[in-house]
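Before any comments, here is the structure.
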Amino acid sequence: MGGLIFGYDIGISGGVTTMTPFLQKFFLSVWRKKEADKTKNQYCQYDSQTLTMFTSSLYLAALLASLAASTVTRKLGRKLSMLFGGLLFFAGALINGFAKAVWMLIVGRILLGFGVGFANQVTNRVSALSLVIFLLEL
């Protein structure tokens, strides 16, 4: 589940951050720079610290959440941790879907990251446990 929502988010955010309506609404300076540079070279067209914060906030939040998720999983169990991760991801998706400002996008991405971090931590633990059980059966 964690890999699925992580891949989904990477695919969606990668496409959305290059869309003209998205850039015009949230990152106007990036759009202007992109429109001014009519060459085929895309190097540094998206040079914006705010846009970088938008994209990287998910990864940083996922890292922090995966560290905290082990304690939550130990205390509450795997199912509740995965449910919590799914709810966080859903809340982040809602906030991003109805965002009116850049700060809402970043808060939504942070919640998406927490959801991904929880889901990845729990599913990686299950995958590792499954591998050990499989090897023991051999």
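Quick note on naming: the chains in the structure tokens go A, B, ... in the order shown, residues restart at 1 in each chain, and ligands are numbered from 1 in order of appearance.
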
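Within 9 Å of region 99-103 of chain A there are Lys25, Phe26, Phe27, Thr50, Leu51 and Phe54 of chain A, counting only C-alpha atoms and ignoring same-chain residues fewer than 6 positions away.
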
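The neighbours of Val72 (chain A) here are the residues that come within 12 Å of it, using only C-alpha atoms and leaving out any residue fewer than 6 positions away in the same chain; they are A:Ala65, A:Ser66, A:Arg78, A:Lys79, A:Leu80, A:Ser81, A:Met82, A:Leu83, A:Phe84, A:Gly85, A:Gly117, A:Phe118, A:Ala119, A:Gln121, A:Val122.
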
Selected residues written out with all heavy atoms, as a short mmCIF file (atom, residue, chain, number, x, y, z; two decimals), in the first residue's frame:
```cif
data_model
loop_
_atom_site.label_atom_id
_atom_site.label_comp_id
_atom_site.auth_asym_id
_atom_site.auth_seq_id
_atom_site.Cartn_x
_atom_site.Cartn_y
_atom_site.Cartn_z
N ALA A 65 7.77 10.59 9.40
CA ALA A 65 6.65 9.72 9.78
C ALA A 65 7.08 8.27 9.88
O ALA A 65 6.62 7.54 10.75
CB ALA A 65 5.51 9.86 8.78
N SER A 66 7.98 7.84 9.01
CA SER A 66 8.42 6.44 9.08
C SER A 66 9.20 6.18 10.36
O SER A 66 9.17 5.07 10.89
CB SER A 66 9.26 6.07 7.86
OG SER A 66 10.45 6.81 7.83
N ARG A 78 -0.54 -3.11 13.59
CA ARG A 78 -0.32 -2.84 12.17
C ARG A 78 -1.56 -2.29 11.49
O ARG A 78 -1.49 -1.36 10.70
CB ARG A 78 0.12 -4.14 11.50
CG ARG A 78 0.38 -4.02 10.04
CD ARG A 78 0.86 -5.33 9.45
NE ARG A 78 -0.08 -6.41 9.65
CZ ARG A 78 -1.11 -6.68 8.85
NH1 ARG A 78 -1.33 -5.94 7.79
NH2 ARG A 78 -1.92 -7.68 9.10
N LYS A 79 -2.72 -2.84 11.78
CA LYS A 79 -3.95 -2.41 11.09
C LYS A 79 -4.29 -0.96 11.40
O LYS A 79 -4.64 -0.19 10.50
CB LYS A 79 -5.11 -3.32 11.47
CG LYS A 79 -5.01 -4.69 10.88
CD LYS A 79 -6.18 -5.54 11.25
CE LYS A 79 -6.03 -6.94 10.70
NZ LYS A 79 -7.14 -7.79 11.08
N LEU A 80 -4.21 -0.58 12.67
CA LEU A 80 -4.52 0.81 13.02
C LEU A 80 -3.48 1.78 12.45
O LEU A 80 -3.83 2.90 12.06
CB LEU A 80 -4.62 0.97 14.53
CG LEU A 80 -5.90 0.43 15.16
CD1 LEU A 80 -5.85 0.55 16.67
CD2 LEU A 80 -7.11 1.14 14.61
N SER A 81 -2.23 1.35 12.39
CA SER A 81 -1.20 2.22 11.79
C SER A 81 -1.45 2.44 10.32
O SER A 81 -1.30 3.55 9.81
CB SER A 81 0.19 1.61 12.00
OG SER A 81 0.55 1.67 13.34
N MET A 82 -1.84 1.38 9.62
CA MET A 82 -2.13 1.53 8.20
C MET A 82 -3.39 2.38 7.99
O MET A 82 -3.45 3.18 7.06
CB MET A 82 -2.29 0.16 7.55
CG MET A 82 -0.97 -0.57 7.42
SD MET A 82 -1.10 -2.14 6.58
CE MET A 82 -1.27 -1.60 4.91
N LEU A 83 -4.37 2.21 8.85
CA LEU A 83 -5.58 3.03 8.76
C LEU A 83 -5.25 4.49 9.01
O LEU A 83 -5.72 5.38 8.29
CB LEU A 83 -6.63 2.54 9.76
CG LEU A 83 -7.93 3.35 9.82
CD1 LEU A 83 -8.69 3.22 8.51
CD2 LEU A 83 -8.78 2.91 10.98
N PHE A 84 -4.42 4.74 10.00
CA PHE A 84 -4.00 6.10 10.32
C PHE A 84 -3.24 6.72 9.14
O PHE A 84 -3.47 7.87 8.76
CB PHE A 84 -3.14 6.08 11.59
CG PHE A 84 -2.76 7.44 12.08
CD1 PHE A 84 -3.72 8.37 12.45
CD2 PHE A 84 -1.43 7.80 12.18
CE1 PHE A 84 -3.36 9.63 12.91
CE2 PHE A 84 -1.06 9.05 12.63
CZ PHE A 84 -2.03 9.96 13.00
N GLY A 85 -2.34 5.94 8.53
CA GLY A 85 -1.61 6.42 7.36
C GLY A 85 -2.54 6.73 6.20
O GLY A 85 -2.40 7.74 5.51
N GLY A 117 4.63 7.79 4.79
CA GLY A 117 5.61 7.29 5.76
C GLY A 117 5.04 6.19 6.64
O GLY A 117 5.68 5.17 6.88
N PHE A 118 3.82 6.39 7.11
CA PHE A 118 3.18 5.37 7.93
C PHE A 118 2.92 4.11 7.12
O PHE A 118 3.20 2.99 7.56
CB PHE A 118 1.86 5.88 8.52
CG PHE A 118 2.01 6.45 9.89
CD1 PHE A 118 2.40 7.76 10.08
CD2 PHE A 118 1.76 5.67 11.01
CE1 PHE A 118 2.55 8.28 11.33
CE2 PHE A 118 1.90 6.18 12.27
CZ PHE A 118 2.29 7.49 12.45
N ALA A 119 2.39 4.27 5.93
CA ALA A 119 2.06 3.11 5.10
C ALA A 119 3.32 2.35 4.68
O ALA A 119 3.33 1.13 4.67
CB ALA A 119 1.26 3.55 3.89
N GLN A 121 6.27 2.27 6.25
CA GLN A 121 6.89 1.62 7.41
C GLN A 121 6.17 0.34 7.75
O GLN A 121 6.78 -0.68 7.98
CB GLN A 121 6.88 2.58 8.61
CG GLN A 121 7.67 2.10 9.79
CD GLN A 121 6.92 1.17 10.71
OE1 GLN A 121 5.70 1.20 10.79
NE2 GLN A 121 7.62 0.33 11.39
N VAL A 122 4.87 0.37 7.74
CA VAL A 122 4.09 -0.80 8.11
C VAL A 122 4.22 -1.89 7.06
O VAL A 122 4.45 -3.05 7.38
CB VAL A 122 2.61 -0.41 8.34
CG1 VAL A 122 1.76 -1.64 8.55
CG2 VAL A 122 2.51 0.50 9.54
#
```

Subject >> Separation of CA of Val116 (chain A) from CA of Leu87 (chain A) in Å >> reply: 10.4 Å

**OP:** Counting only C-alpha atoms, figure out which residue out of A:Met53, A:Gly86, A:Leu76, A:Ala69 gets nearest to Ile106 (chain A).
**Re:**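 Distance minimum relative to Ile106 (chain A) lands on A:Met53.
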
Original post:
Between CA of Lys33 (chain A) and CA of Thr20 (chain A), what is the spacing in Å?
Top reply: 11.9 Å

Extract, using only C-alpha atoms, all DNA, RNA and protein residues at most 8 Å from Ser57 (chain A), discarding same-chain residues fewer than 2 positions from it, and format them as a PDB file with N, CA and C atoms, in the first residue's frame.
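Final output, around_15.pdb:
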```
ATOM      1  N   MET A  53       9.992  23.497  -2.200  1.00  0.00           N
ATOM      2  CA  MET A  53       9.397  23.167  -0.911  1.00  0.00           C
ATOM      3  C   MET A  53       8.108  22.369  -1.102  1.00  0.00           C
ATOM      4  N   PHE A  54       7.334  22.740  -2.105  1.00  0.00           N
ATOM      5  CA  PHE A  54       6.105  22.014  -2.401  1.00  0.00           C
ATOM      6  C   PHE A  54       6.400  20.550  -2.717  1.00  0.00           C
ATOM      7  N   THR A  55       7.374  20.312  -3.581  1.00  0.00           N
ATOM      8  CA  THR A  55       7.649  18.929  -3.977  1.00  0.00           C
ATOM      9  C   THR A  55       8.386  18.149  -2.897  1.00  0.00           C
ATOM     10  N   TYR A  59       8.516  14.229   0.847  1.00  0.00           N
ATOM     11  CA  TYR A  59       9.604  13.303   1.137  1.00  0.00           C
ATOM     12  C   TYR A  59      10.126  13.489   2.558  1.00  0.00           C
ATOM     13  N   LEU A  60      10.256  14.730   2.986  1.00  0.00           N
ATOM     14  CA  LEU A  60      10.723  14.978   4.354  1.00  0.00           C
ATOM     15  C   LEU A  60       9.703  14.505   5.386  1.00  0.00           C
ATOM     16  N   ALA A  61       8.431  14.743   5.127  1.00  0.00           N
ATOM     17  CA  ALA A  61       7.389  14.288   6.045  1.00  0.00           C
ATOM     18  C   ALA A  61       7.327  12.769   6.084  1.00  0.00           C
ATOM     19  N   ILE A 106       1.320  23.018   0.525  1.00  0.00           N
ATOM     20  CA  ILE A 106       2.436  22.479   1.305  1.00  0.00           C
ATOM     21  C   ILE A 106       1.923  21.699   2.512  1.00  0.00           C
ATOM     22  N   ARG A 109       0.700  18.440   1.219  1.00  0.00           N
ATOM     23  CA  ARG A 109       1.816  17.551   0.883  1.00  0.00           C
ATOM     24  C   ARG A 109       2.456  16.967   2.136  1.00  0.00           C
ATOM     25  N   ILE A 110       2.514  17.746   3.201  1.00  0.00           N
ATOM     26  CA  ILE A 110       3.064  17.219   4.456  1.00  0.00           C
ATOM     27  C   ILE A 110       2.179  16.094   4.983  1.00  0.00           C
ATOM     28  N   GLY A 113       2.731  13.114   2.948  1.00  0.00           N
ATOM     29  CA  GLY A 113       3.998  12.497   3.345  1.00  0.00           C
ATOM     30  C   GLY A 113       3.877  11.679   4.608  1.00  0.00           C
TER      31      GLY A 113
END
```

Original post:
Taking into account only C-alpha atoms, which residue in the set A:Leu112, A:Leu4, A:Gly11, A:Asp37 is nearest to Leu63 (chain A)?
Top reply: A:Leu112

**OP:** Run DSSP on the backbone and grab whatever in region 3-137 of chain A lands in alpha helix (DSSP H); send it over as an NGL selection string.
**Re:** :A and (3-16 or 20-26 or 28-36 or 49-76 or 78-97 or 102-137)

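The residue that comes closest to Phe89 (chain A), out of A:Gly108, A:Gly115, A:Gly14, A:Leu64 and on the basis of only C-alpha atoms, is A:Gly115.
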